[in-house]
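Content type mmCIF, C-alpha atoms, from the file input.cif:
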data_final
#
loop_
_atom_site.group_PDB
_atom_site.id
_atom_site.type_symbol
_atom_site.label_atom_id
_atom_site.label_comp_id
_atom_site.auth_asym_id
_atom_site.auth_seq_id
_atom_site.Cartn_x
_atom_site.Cartn_y
_atom_site.Cartn_z
ATOM 1 C CA MET A 843 0.000 0.000 0.000
ATOM 2 C CA SER A 844 1.351 3.411 -0.955
ATOM 3 C CA GLU A 845 1.781 6.221 1.581
ATOM 4 C CA THR A 846 -0.812 8.286 -0.301
ATOM 5 C CA THR A 847 -3.381 5.470 -0.135
ATOM 6 C CA ALA A 848 -2.745 4.955 3.588
ATOM 7 C CA ASP A 849 -3.257 8.663 4.241
ATOM 8 C CA ALA A 850 -6.497 8.603 2.258
ATOM 9 C CA ASP A 851 -7.782 5.605 4.235
ATOM 10 C CA ALA A 852 -6.926 7.321 7.522
ATOM 11 C CA THR A 853 -8.734 10.471 6.422
ATOM 12 C CA LEU A 854 -11.819 8.451 5.427
ATOM 13 C CA ALA A 855 -11.863 6.631 8.788
ATOM 14 C CA LEU A 856 -11.667 9.943 10.621
ATOM 15 C CA ALA A 857 -14.485 11.381 8.498
ATOM 16 C CA GLU A 858 -16.681 8.428 9.413
ATOM 17 C CA ARG A 859 -15.951 8.894 13.103
ATOM 18 C CA VAL A 860 -16.265 12.674 13.330
ATOM 19 C CA HIS A 861 -19.324 14.188 11.651
ATOM 20 C CA VAL A 862 -19.344 17.597 10.033
ATOM 21 C CA THR A 863 -21.944 20.083 11.175
ATOM 22 C CA ARG A 864 -23.545 22.291 8.566
ATOM 23 C CA SER A 865 -25.897 24.392 10.646
ATOM 24 C CA ARG A 866 -28.147 27.237 9.643
ATOM 25 C CA ALA A 867 -27.351 30.663 10.964
ATOM 26 C CA LYS A 868 -30.572 31.136 12.878
ATOM 27 C CA PRO A 869 -33.184 28.860 14.439
ATOM 28 C CA GLY A 870 -36.734 28.880 13.138
ATOM 29 C CA GLY A 871 -39.650 30.733 14.643
ATOM 30 C CA THR A 872 -37.617 33.691 15.848
ATOM 31 C CA ALA A 873 -39.429 36.817 16.964
ATOM 32 C CA ALA A 874 -38.187 40.305 17.665
ATOM 33 C CA GLU A 875 -38.068 41.669 21.186
ATOM 34 C CA SER A 876 -40.780 44.111 22.127
ATOM 35 C CA ALA A 877 -41.935 46.065 25.144
ATOM 36 C CA ASP A 878 -43.888 42.935 26.178
ATOM 37 C CA THR A 879 -40.869 40.607 26.278
ATOM 38 C CA VAL A 880 -37.825 40.247 28.524
ATOM 39 C CA PRO A 881 -34.719 41.755 26.836
ATOM 40 C CA PHE A 882 -31.920 39.269 26.266
ATOM 41 C CA ARG A 883 -29.112 41.609 27.257
ATOM 42 C CA ARG A 884 -28.816 43.293 30.648
ATOM 43 C CA ALA A 885 -31.884 41.462 31.956
ATOM 44 C CA ARG A 886 -31.567 39.829 35.361
ATOM 45 C CA LYS A 887 -33.231 36.509 35.906
ATOM 46 C CA PRO A 888 -35.366 36.137 39.036
ATOM 47 C CA PRO A 889 -33.604 34.577 42.042
ATOM 48 C CA TRP A 890 -35.423 31.261 41.759
ATOM 49 C CA LEU A 891 -33.638 30.622 38.426
ATOM 50 C CA LYS A 892 -30.118 31.001 39.815
ATOM 51 C CA VAL A 893 -28.090 27.784 39.869
ATOM 52 C CA PRO A 894 -24.426 27.114 40.717
ATOM 53 C CA ALA A 895 -22.040 26.795 37.778
ATOM 54 C CA PRO A 896 -21.158 23.147 37.016
ATOM 55 C CA GLY A 897 -17.688 21.901 37.818
ATOM 56 C CA GLY A 898 -17.716 19.261 40.563
ATOM 57 C CA PRO A 899 -15.535 16.143 40.373
ATOM 58 C CA THR A 900 -18.280 13.821 39.104
ATOM 59 C CA TYR A 901 -19.294 16.392 36.504
ATOM 60 C CA ARG A 902 -15.720 16.644 35.224
ATOM 61 C CA ARG A 903 -15.324 12.873 35.127
ATOM 62 C CA LEU A 904 -18.559 12.343 33.185
ATOM 63 C CA LYS A 905 -17.736 15.139 30.773
ATOM 64 C CA ALA A 906 -14.417 13.461 30.010
ATOM 65 C CA THR A 907 -15.789 9.922 29.605
ATOM 66 C CA ILE A 908 -18.811 10.982 27.531
ATOM 67 C CA GLY A 909 -16.571 13.057 25.314
ATOM 68 C CA SER A 910 -14.036 10.256 24.915
ATOM 69 C CA ASP A 911 -16.819 7.942 23.700
ATOM 70 C CA ASN A 912 -17.854 10.565 21.116
ATOM 71 C CA LEU A 913 -21.357 10.709 22.602
ATOM 72 C CA HIS A 914 -23.735 13.642 22.823
ATOM 73 C CA THR A 915 -25.981 14.662 25.696
ATOM 74 C CA VAL A 916 -28.972 16.953 25.534
ATOM 75 C CA CYS A 917 -27.706 18.343 28.832
ATOM 76 C CA GLU A 918 -24.884 20.074 26.971
ATOM 77 C CA GLU A 919 -26.408 20.625 23.541
ATOM 78 C CA ALA A 920 -29.529 22.321 24.952
ATOM 79 C CA ASN A 921 -27.667 24.284 27.660
ATOM 80 C CA CYS A 922 -29.728 22.684 30.427
ATOM 81 C CA PRO A 923 -29.511 24.677 33.678
ATOM 82 C CA ASN A 924 -29.476 21.451 35.701
ATOM 83 C CA VAL A 925 -26.421 19.890 34.072
ATOM 84 C CA GLY A 926 -24.241 20.463 37.135
ATOM 85 C CA GLU A 927 -26.719 18.927 39.582
ATOM 86 C CA CYS A 928 -27.671 15.978 37.387
ATOM 87 C CA TRP A 929 -24.121 15.048 36.433
ATOM 88 C CA GLU A 930 -23.038 15.248 40.062
ATOM 89 C CA ARG A 931 -25.830 12.734 40.768
ATOM 90 C CA GLY A 932 -24.315 10.523 38.079
ATOM 91 C CA THR A 933 -27.206 10.934 35.634
ATOM 92 C CA ALA A 934 -27.271 12.214 32.063
ATOM 93 C CA THR A 935 -29.620 12.250 29.090
ATOM 94 C CA PHE A 936 -27.969 10.786 26.015
ATOM 95 C CA MET A 937 -28.743 12.269 22.622
ATOM 96 C CA ILE A 938 -28.355 9.890 19.697
ATOM 97 C CA LEU A 939 -28.232 10.409 15.926
ATOM 98 C CA GLY A 940 -25.842 13.334 16.133
ATOM 99 C CA ASP A 941 -26.183 16.912 17.268
ATOM 100 C CA VAL A 942 -27.788 18.482 14.176
ATOM 101 C CA CYS A 943 -31.585 18.638 13.936
ATOM 102 C CA THR A 944 -33.615 18.804 10.730
ATOM 103 C CA ARG A 945 -36.242 21.069 12.308
ATOM 104 C CA ARG A 946 -35.977 24.676 13.436
ATOM 105 C CA CYS A 947 -37.823 25.183 16.711
ATOM 106 C CA GLY A 948 -37.504 28.776 17.860
ATOM 107 C CA PHE A 949 -36.745 27.887 21.484
ATOM 108 C CA CYS A 950 -34.176 25.127 21.053
ATOM 109 C CA ASN A 951 -30.404 25.514 21.288
ATOM 110 C CA VAL A 952 -29.594 22.320 19.380
ATOM 111 C CA LYS A 953 -28.002 23.071 16.013
ATOM 112 C CA THR A 954 -30.232 22.861 12.968
ATOM 113 C CA GLY A 955 -29.130 21.982 9.464
ATOM 114 C CA VAL A 956 -28.273 19.004 7.244
ATOM 115 C CA PRO A 957 -27.184 16.065 9.437
ATOM 116 C CA THR A 958 -24.193 13.979 8.412
ATOM 117 C CA TRP A 959 -24.032 11.725 11.483
ATOM 118 C CA HIS A 960 -24.274 7.990 10.935
ATOM 119 C CA ASP A 961 -22.694 5.636 13.457
ATOM 120 C CA PRO A 962 -24.049 2.069 13.652
ATOM 121 C CA LEU A 963 -21.985 1.475 16.809
ATOM 122 C CA GLU A 964 -23.547 4.365 18.729
ATOM 123 C CA PRO A 965 -26.184 2.199 20.511
ATOM 124 C CA ALA A 966 -23.459 -0.063 21.893
ATOM 125 C CA ARG A 967 -21.395 2.905 23.073
ATOM 126 C CA VAL A 968 -24.413 4.467 24.801
ATOM 127 C CA ALA A 969 -25.165 1.170 26.539
ATOM 128 C CA ASN A 970 -21.539 0.829 27.599
ATOM 129 C CA GLN A 971 -21.645 4.307 29.141
ATOM 130 C CA VAL A 972 -24.892 3.452 30.939
ATOM 131 C CA LYS A 973 -23.219 0.349 32.378
ATOM 132 C CA ARG A 974 -20.083 2.265 33.422
ATOM 133 C CA MET A 975 -22.186 4.909 35.162
ATOM 134 C CA GLY A 976 -24.197 2.232 36.979
ATOM 135 C CA LEU A 977 -27.488 3.848 36.000
ATOM 136 C CA ARG A 978 -30.787 2.438 37.216
ATOM 137 C CA HIS A 979 -32.767 4.731 34.922
ATOM 138 C CA ALA A 980 -31.362 5.834 31.558
ATOM 139 C CA VAL A 981 -32.902 8.554 29.415
ATOM 140 C CA VAL A 982 -32.214 8.570 25.682
ATOM 141 C CA THR A 983 -33.394 11.231 23.249
ATOM 142 C CA SER A 984 -32.459 12.311 19.732
ATOM 143 C CA VAL A 985 -32.513 15.177 17.320
ATOM 144 C CA ASP A 986 -35.254 15.108 14.676
ATOM 145 C CA ARG A 987 -34.012 13.136 11.679
ATOM 146 C CA ASP A 988 -36.603 13.726 8.989
ATOM 147 C CA ASP A 989 -33.884 12.830 6.458
ATOM 148 C CA LEU A 990 -33.930 9.141 7.450
ATOM 149 C CA PRO A 991 -36.435 6.625 6.022
ATOM 150 C CA ASP A 992 -37.729 5.639 9.483
ATOM 151 C CA TYR A 993 -36.995 9.065 11.066
ATOM 152 C CA GLY A 994 -34.441 7.472 13.405
ATOM 153 C CA ALA A 995 -36.631 4.751 14.926
ATOM 154 C CA SER A 996 -34.051 2.012 14.251
ATOM 155 C CA ALA A 997 -31.486 3.863 16.347
ATOM 156 C CA PHE A 998 -33.850 3.895 19.331
ATOM 157 C CA VAL A 999 -34.459 0.162 18.828
ATOM 158 C CA GLY A 1000 -30.709 -0.454 18.835
ATOM 159 C CA VAL A 1001 -30.140 1.579 21.997
ATOM 160 C CA ILE A 1002 -32.949 -0.113 23.926
ATOM 161 C CA ARG A 1003 -31.684 -3.573 22.966
ATOM 162 C CA SER A 1004 -28.082 -2.698 23.791
ATOM 163 C CA ILE A 1005 -28.962 -1.312 27.228
ATOM 164 C CA ARG A 1006 -31.078 -4.375 27.989
ATOM 165 C CA MET A 1007 -28.069 -6.578 27.185
ATOM 166 C CA GLN A 1008 -25.336 -4.576 28.922
ATOM 167 C CA ALA A 1009 -27.312 -3.165 31.862
ATOM 168 C CA PRO A 1010 -30.334 -5.455 32.326
ATOM 169 C CA GLY A 1011 -31.339 -3.879 35.653
ATOM 170 C CA CYS A 1012 -31.627 -0.389 34.168
ATOM 171 C CA LYS A 1013 -34.978 1.120 33.223
ATOM 172 C CA VAL A 1014 -35.045 2.795 29.826
ATOM 173 C CA GLU A 1015 -36.861 6.051 29.119
ATOM 174 C CA ILE A 1016 -36.887 7.310 25.558
ATOM 175 C CA LEU A 1017 -37.748 10.839 24.464
ATOM 176 C CA THR A 1018 -38.535 10.633 20.764
ATOM 177 C CA PRO A 1019 -39.446 12.928 17.882
ATOM 178 C CA ASP A 1020 -42.929 12.615 16.387
ATOM 179 C CA PHE A 1021 -41.766 10.349 13.506
ATOM 180 C CA ARG A 1022 -43.902 12.574 11.274
ATOM 181 C CA GLY A 1023 -46.925 10.833 12.753
ATOM 182 C CA GLN A 1024 -46.089 7.563 10.997
ATOM 183 C CA GLU A 1025 -47.183 4.458 12.890
ATOM 184 C CA MET A 1026 -44.602 1.966 11.580
ATOM 185 C CA PRO A 1027 -41.531 3.723 13.053
ATOM 186 C CA LEU A 1028 -43.408 4.194 16.331
ATOM 187 C CA ALA A 1029 -44.452 0.526 16.358
ATOM 188 C CA LYS A 1030 -40.805 -0.552 15.934
ATOM 189 C CA VAL A 1031 -39.831 1.443 19.020
ATOM 190 C CA ILE A 1032 -42.772 0.410 21.205
ATOM 191 C CA HIS A 1033 -42.195 -3.246 20.286
ATOM 192 C CA GLU A 1034 -38.962 -3.031 22.313
ATOM 193 C CA ARG A 1035 -41.022 -2.110 25.396
ATOM 194 C CA PRO A 1036 -39.235 0.949 26.773
ATOM 195 C CA ASP A 1037 -40.235 1.536 30.379
ATOM 196 C CA VAL A 1038 -41.211 5.140 29.599
ATOM 197 C CA PHE A 1039 -42.196 6.620 26.245
ATOM 198 C CA ASN A 1040 -41.776 10.386 26.303
ATOM 199 C CA HIS A 1041 -42.665 12.839 23.562
ATOM 200 C CA ASN A 1042 -42.789 16.521 24.471
ATOM 201 C CA VAL A 1043 -45.504 18.725 23.043
ATOM 202 C CA GLU A 1044 -43.429 21.669 24.360
ATOM 203 C CA THR A 1045 -46.048 24.447 24.218
ATOM 204 C CA VAL A 1046 -49.761 25.174 23.847
ATOM 205 C CA PRO A 1047 -51.400 24.641 20.417
ATOM 206 C CA ARG A 1048 -51.781 28.366 19.678
ATOM 207 C CA LEU A 1049 -48.015 28.923 19.781
ATOM 208 C CA TYR A 1050 -47.024 26.083 17.448
ATOM 209 C CA PRO A 1051 -46.765 28.267 14.302
ATOM 210 C CA VAL A 1052 -44.307 30.503 16.167
ATOM 211 C CA ALA A 1053 -42.361 28.043 18.307
ATOM 212 C CA ARG A 1054 -42.542 24.673 16.544
ATOM 213 C CA ARG A 1055 -42.502 25.134 12.792
ATOM 214 C CA GLY A 1056 -42.621 21.753 11.096
ATOM 215 C CA SER A 1057 -44.558 20.158 13.975
ATOM 216 C CA LYS A 1058 -48.265 19.842 14.732
ATOM 217 C CA PHE A 1059 -49.751 19.710 18.206
ATOM 218 C CA LEU A 1060 -52.484 17.151 17.507
ATOM 219 C CA ARG A 1061 -50.039 14.961 15.604
ATOM 220 C CA SER A 1062 -47.813 14.883 18.685
ATOM 221 C CA ALA A 1063 -50.801 14.140 20.902
ATOM 222 C CA ARG A 1064 -51.806 11.252 18.653
ATOM 223 C CA VAL A 1065 -48.273 9.845 18.827
ATOM 224 C CA LEU A 1066 -48.586 9.697 22.608
ATOM 225 C CA LYS A 1067 -52.011 8.059 22.485
ATOM 226 C CA THR A 1068 -50.910 5.505 19.889
ATOM 227 C CA ALA A 1069 -47.818 4.666 21.933
ATOM 228 C CA LYS A 1070 -50.013 3.894 24.931
ATOM 229 C CA GLU A 1071 -52.391 1.802 22.855
ATOM 230 C CA MET A 1072 -49.459 -0.175 21.449
ATOM 231 C CA GLY A 1073 -47.564 -0.546 24.709
ATOM 232 C CA GLY A 1074 -50.435 -1.082 27.117
ATOM 233 C CA GLU A 1075 -49.681 -1.223 30.830
ATOM 234 C CA ARG A 1076 -46.016 -2.036 30.265
ATOM 235 C CA VAL A 1077 -45.209 1.394 28.803
ATOM 236 C CA VAL A 1078 -45.669 4.646 30.736
ATOM 237 C CA THR A 1079 -46.472 7.685 28.586
ATOM 238 C CA LYS A 1080 -45.000 11.081 29.385
ATOM 239 C CA SER A 1081 -44.919 14.589 27.947
ATOM 240 C CA GLY A 1082 -43.591 18.032 28.848
ATOM 241 C CA LEU A 1083 -44.300 21.720 28.278
ATOM 242 C CA MET A 1084 -42.578 25.045 28.820
ATOM 243 C CA VAL A 1085 -44.024 28.332 30.020
ATOM 244 C CA GLY A 1086 -42.771 31.815 29.236
ATOM 245 C CA LEU A 1087 -43.591 32.068 25.538
ATOM 246 C CA GLY A 1088 -46.839 33.988 25.994
ATOM 247 C CA GLU A 1089 -49.278 31.266 27.002
ATOM 248 C CA SER A 1090 -51.945 31.813 29.660
ATOM 249 C CA PHE A 1091 -52.677 29.699 32.717
ATOM 250 C CA GLU A 1092 -56.001 28.706 31.176
ATOM 251 C CA GLU A 1093 -54.310 27.598 27.953
ATOM 252 C CA MET A 1094 -51.882 25.466 29.904
ATOM 253 C CA VAL A 1095 -54.642 23.696 31.805
ATOM 254 C CA GLU A 1096 -56.609 23.187 28.594
ATOM 255 C CA THR A 1097 -53.511 21.612 27.023
ATOM 256 C CA PHE A 1098 -53.108 19.360 30.058
ATOM 257 C CA GLY A 1099 -56.668 18.189 29.463
ATOM 258 C CA ILE A 1100 -55.949 17.307 25.842
ATOM 259 C CA LEU A 1101 -52.922 15.297 26.921
ATOM 260 C CA ARG A 1102 -54.980 13.381 29.456
ATOM 261 C CA GLU A 1103 -57.525 12.639 26.718
ATOM 262 C CA HIS A 1104 -54.618 11.177 24.764
ATOM 263 C CA ARG A 1105 -53.674 8.905 27.684
ATOM 264 C CA VAL A 1106 -50.571 10.703 28.934
ATOM 265 C CA GLN A 1107 -49.699 9.604 32.482
ATOM 266 C CA VAL A 1108 -46.673 11.714 33.464
ATOM 267 C CA LEU A 1109 -46.263 15.457 32.961
ATOM 268 C CA THR A 1110 -43.377 17.911 33.335
ATOM 269 C CA VAL A 1111 -43.624 21.716 33.229
ATOM 270 C CA GLY A 1112 -40.696 24.140 33.328
ATOM 271 C CA GLN A 1113 -39.679 27.707 32.540
ATOM 272 C CA TYR A 1114 -38.407 28.572 29.052
ATOM 273 C CA LEU A 1115 -34.947 30.150 29.180
ATOM 274 C CA ARG A 1116 -33.804 31.908 26.033
ATOM 275 C CA PRO A 1117 -30.523 30.341 24.822
ATOM 276 C CA THR A 1118 -29.351 33.233 22.588
ATOM 277 C CA GLU A 1119 -30.672 36.509 21.245
ATOM 278 C CA ASN A 1120 -31.497 34.692 18.001
ATOM 279 C CA HIS A 1121 -34.105 32.566 19.789
ATOM 280 C CA LEU A 1122 -37.647 33.378 20.810
ATOM 281 C CA PRO A 1123 -37.782 36.009 23.556
ATOM 282 C CA VAL A 1124 -39.113 35.243 27.015
ATOM 283 C CA VAL A 1125 -42.470 36.936 27.471
ATOM 284 C CA ARG A 1126 -42.335 36.539 31.237
ATOM 285 C CA TYR A 1127 -40.911 34.422 34.042
ATOM 286 C CA TRP A 1128 -43.559 32.445 35.896
ATOM 287 C CA HIS A 1129 -43.427 32.527 39.697
ATOM 288 C CA PRO A 1130 -42.883 29.278 41.658
ATOM 289 C CA GLU A 1131 -46.386 29.633 43.116
ATOM 290 C CA GLU A 1132 -47.817 29.538 39.589
ATOM 291 C CA PHE A 1133 -45.971 26.293 38.939
ATOM 292 C CA GLU A 1134 -47.520 24.886 42.103
ATOM 293 C CA ALA A 1135 -50.952 25.888 40.791
ATOM 294 C CA LEU A 1136 -50.230 24.179 37.459
ATOM 295 C CA GLU A 1137 -49.172 21.022 39.291
ATOM 296 C CA LYS A 1138 -52.366 21.040 41.346
ATOM 297 C CA ALA A 1139 -54.489 21.490 38.214
ATOM 298 C CA ALA A 1140 -52.662 18.651 36.462
ATOM 299 C CA TYR A 1141 -53.219 16.227 39.331
ATOM 300 C CA GLU A 1142 -56.897 17.184 39.393
ATOM 301 C CA LEU A 1143 -57.094 16.187 35.725
ATOM 302 C CA GLY A 1144 -55.812 12.727 36.595
ATOM 303 C CA PHE A 1145 -52.090 12.695 35.813
ATOM 304 C CA GLU A 1146 -50.306 10.005 37.808
ATOM 305 C CA SER A 1147 -47.089 11.979 38.317
ATOM 306 C CA VAL A 1148 -46.398 15.698 37.808
ATOM 307 C CA ALA A 1149 -43.172 17.691 38.097
ATOM 308 C CA SER A 1150 -43.773 21.421 37.789
ATOM 309 C CA GLY A 1151 -41.194 24.075 38.648
ATOM 310 C CA PRO A 1152 -39.022 26.804 37.135
ATOM 311 C CA LEU A 1153 -36.020 24.527 36.587
ATOM 312 C CA VAL A 1154 -37.905 21.330 35.769
ATOM 313 C CA ARG A 1155 -36.933 19.752 32.460
ATOM 314 C CA SER A 1156 -38.306 16.668 30.787
ATOM 315 C CA SER A 1157 -35.619 14.323 32.093
ATOM 316 C CA TYR A 1158 -34.910 16.142 35.369
ATOM 317 C CA HIS A 1159 -34.984 13.524 38.158
ATOM 318 C CA ALA A 1160 -36.689 11.258 35.625
ATOM 319 C CA ASP A 1161 -36.140 8.223 37.839
ATOM 320 C CA GLN A 1162 -38.266 9.840 40.556
ATOM 321 C CA ASN A 1163 -41.018 11.366 38.409
ATOM 322 C CA LEU A 1164 -42.862 8.168 37.653
ATOM 323 C CA PRO A 1165 -46.229 6.746 38.726
ATOM 324 C CA GLY A 1166 -45.841 5.675 42.334
ATOM 325 C CA GLY A 1167 -42.447 7.418 42.525
ATOM 326 C CA SER A 1168 -40.696 4.238 41.389
#

For the file at hand, write its structure as structure tokens.
Amino acid sequence: MSETTADADATLALAERVHVTRSRAKPGGTAAESADTVPFRRARKPPWLKVPAPGGPTYRRLKATIGSDNLHTVCEEANCPNVGECWERGTATFMILGDVCTRRCGFCNVKTGVPTWHDPLEPARVANQVKRMGLRHAVVTSVDRDDLPDYGASAFVGVIRSIRMQAPGCKVEILTPDFRGQEMPLAKVIHERPDVFNHNVETVPRLYPVARRGSKFLRSARVLKTAKEMGGERVVTKSGLMVGLGESFEEMVETFGILREHRVQVLTVGQYLRPTENHLPVVRYWHPEEFEALEKAAYELGFESVASGPLVRSSYHADQNLPGGS
């Protein structure tokens, strides 16, 4: 083999291992600041949103091991405010199928563009990390991959199977895209019997044209209902919403009701935090007492477990926010 050929092979191997991000300059659904929104610059967050900067020993260790395995976490990609706390607890939410999303939600910090990530060994590496961390409850999500024939369902199947083999005592929670409302990709995933099937509707129906271009509220609701019908009692259904984009209390409760009608059992509600000035502005910060009122209303509608608070995120303390607290 010539030196030139060897160099070419090495370059190709590296290209297969490290994906190239081609992201758009701005996320979708952006809106200009106005007198009715919180300015991005020079605006102080309320005290209940202050969290310590991450940097503890467990955090640093996990950051190193996750990075060395070439894995992604939504904790980092979405700038989650709880990353320090969760990683110190030894928990993380893995994000498969790369770090580039095919949709352009106006609130999300994950890069958007044309994905180039394809790694058939990713499920095994995720499962290996779950085993090394000694997790009892693993959460796995993904970017939207509308470019793939099954919208990424096969990757979820691979991860669930790999975790079952390498860490059989670990519960598996998956947070999936809507699969464009197609039943076959969803059926493939539910057939693997994840312990929790999570799909976030994110916001109230009225705000979808602004915040979730490319998605439809009722399509997402139907995905949740179909997942429950397919999975039966063995699969817990879960969804989450944000506040702060201009919704009213009444709209939130009405949306809760729709989710209950679509057989959602577990609910999370948290405050939207604007990642950059190119994202949707925060209309207002909800007070902790308002989150308590939302939680009370959700339980009255029949949800089995509700986590509602300013810093609550979909996978925050996911192992505890289950029916019966199990």

Region 973-981 of chain A surroundings by only C-alpha atoms, 7 Å radius, close-in-sequence under 2 positions cut, as an MDAnalysis selection string: chainID A and resid 932 935:936 969:971 983 1008:1009 1011:1016 1157 1161

Two-atom distance - CA of Lys892 (chain A), CA of Gly1088 (chain A) (Å):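 Those two atoms sit 21.9 Å apart.
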
Selection result for the PyMOL selection byres ((chain A and resi 1147) around 12) on this file, as a PyMOL selection string: chain A and resi 1078-1082+1102+1106-1111+1137-1138+1140-1146+1148-1150+1160-1168

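Put simply, CA of Gly940 (chain A) is 19.5 Å away from CA of Ser1156 (chain A).
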
Proximity to Thr907 (chain A) - best of A:Ala1053, A:Ala1029, A:Ile1100, A:Val972, only C-alpha atoms: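 Going through A:Ala1053, A:Ala1029, A:Ile1100, A:Val972 one by one, the smallest distance to Thr907 (chain A) is for A:Val972.
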
Straight-line distance linking CA of Arg1155 (chain A) with CA of Glu1103 (chain A), stated in Å to one decimal: 22.5 Å

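Candidate residues A:Asp1037, A:Glu1093, A:Glu1025, A:Glu1134 were compared for distance to Gly1074 (chain A), and the nearest is A:Asp1037, using only C-alpha atoms.
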
Picked residues, the PyMOL selection byres ((chain A and resi 1018) around 7), as a list in words: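 Listing what the PyMOL selection byres ((chain A and resi 1018) around 7) selects in the shown file: Thr983, Ser984, Ile1016, Leu1017, Pro1019, Asp1020, Asn1040 and His1041 of chain A.
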
For the file shown, what are the residues hit by the PyMOL selection byres ((chain A and resi 993) around 9), laid out as a short mmCIF file (atom, residue, chain, number, x, y, z; two decimals) with C-alpha atoms, keeping the file's coordinate frame?
data_model
loop_
_atom_site.label_atom_id
_atom_site.label_comp_id
_atom_site.auth_asym_id
_atom_site.auth_seq_id
_atom_site.Cartn_x
_atom_site.Cartn_y
_atom_site.Cartn_z
CA ASP A 986 -35.25 15.11 14.68
CA ARG A 987 -34.01 13.14 11.68
CA ASP A 988 -36.60 13.73 8.99
CA ASP A 989 -33.88 12.83 6.46
CA LEU A 990 -33.93 9.14 7.45
CA PRO A 991 -36.44 6.62 6.02
CA ASP A 992 -37.73 5.64 9.48
CA GLY A 994 -34.44 7.47 13.40
CA ALA A 995 -36.63 4.75 14.93
CA SER A 996 -34.05 2.01 14.25
CA PRO A 1019 -39.45 12.93 17.88
CA ASP A 1020 -42.93 12.62 16.39
CA PHE A 1021 -41.77 10.35 13.51
CA ARG A 1022 -43.90 12.57 11.27
CA PRO A 1027 -41.53 3.72 13.05
#

Do you know which residues lie at most 8 Å from (-45.3, 38.0, 27.8), with coordinates as in the file and all atoms listed in the file counted, and could you write them as a compact mmCIF listing (two decimals) with C-alpha atoms, in the frame of the given file?
# COMPACT_ATOMS: atom_id res chain seq x y z
CA ASP A 878 -43.89 42.94 26.18
CA THR A 879 -40.87 40.61 26.28
CA VAL A 880 -37.83 40.25 28.52
CA GLY A 1086 -42.77 31.82 29.24
CA LEU A 1087 -43.59 32.07 25.54
CA GLY A 1088 -46.84 33.99 25.99
CA GLU A 1089 -49.28 31.27 27.00
CA VAL A 1124 -39.11 35.24 27.02
CA VAL A 1125 -42.47 36.94 27.47
CA ARG A 1126 -42.34 36.54 31.24

Shortest interatomic distance to Ile938 (chain A) - which of A:Ile1002, A:Met1084, A:Val1043, A:Val1095, counting only C-alpha atoms: A:Ile1002

Residue with smallest distance to Leu1049 (chain A) - pool A:Val893, A:Val952, A:Met1094, A:Ala1063, counting all atoms listed in the file: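 Of A:Val893, A:Val952, A:Met1094, A:Ala1063, the one nearest Leu1049 (chain A) is A:Met1094, counting all atoms listed in the file.
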
Nearest residue to Arg1064 (chain A) from the set A:Leu1083, A:Leu1101, A:Val1046, A:Leu1115 (distances using only C-alpha atoms):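 Ranked by minimum distance to Arg1064 (chain A), first place goes to A:Leu1101.
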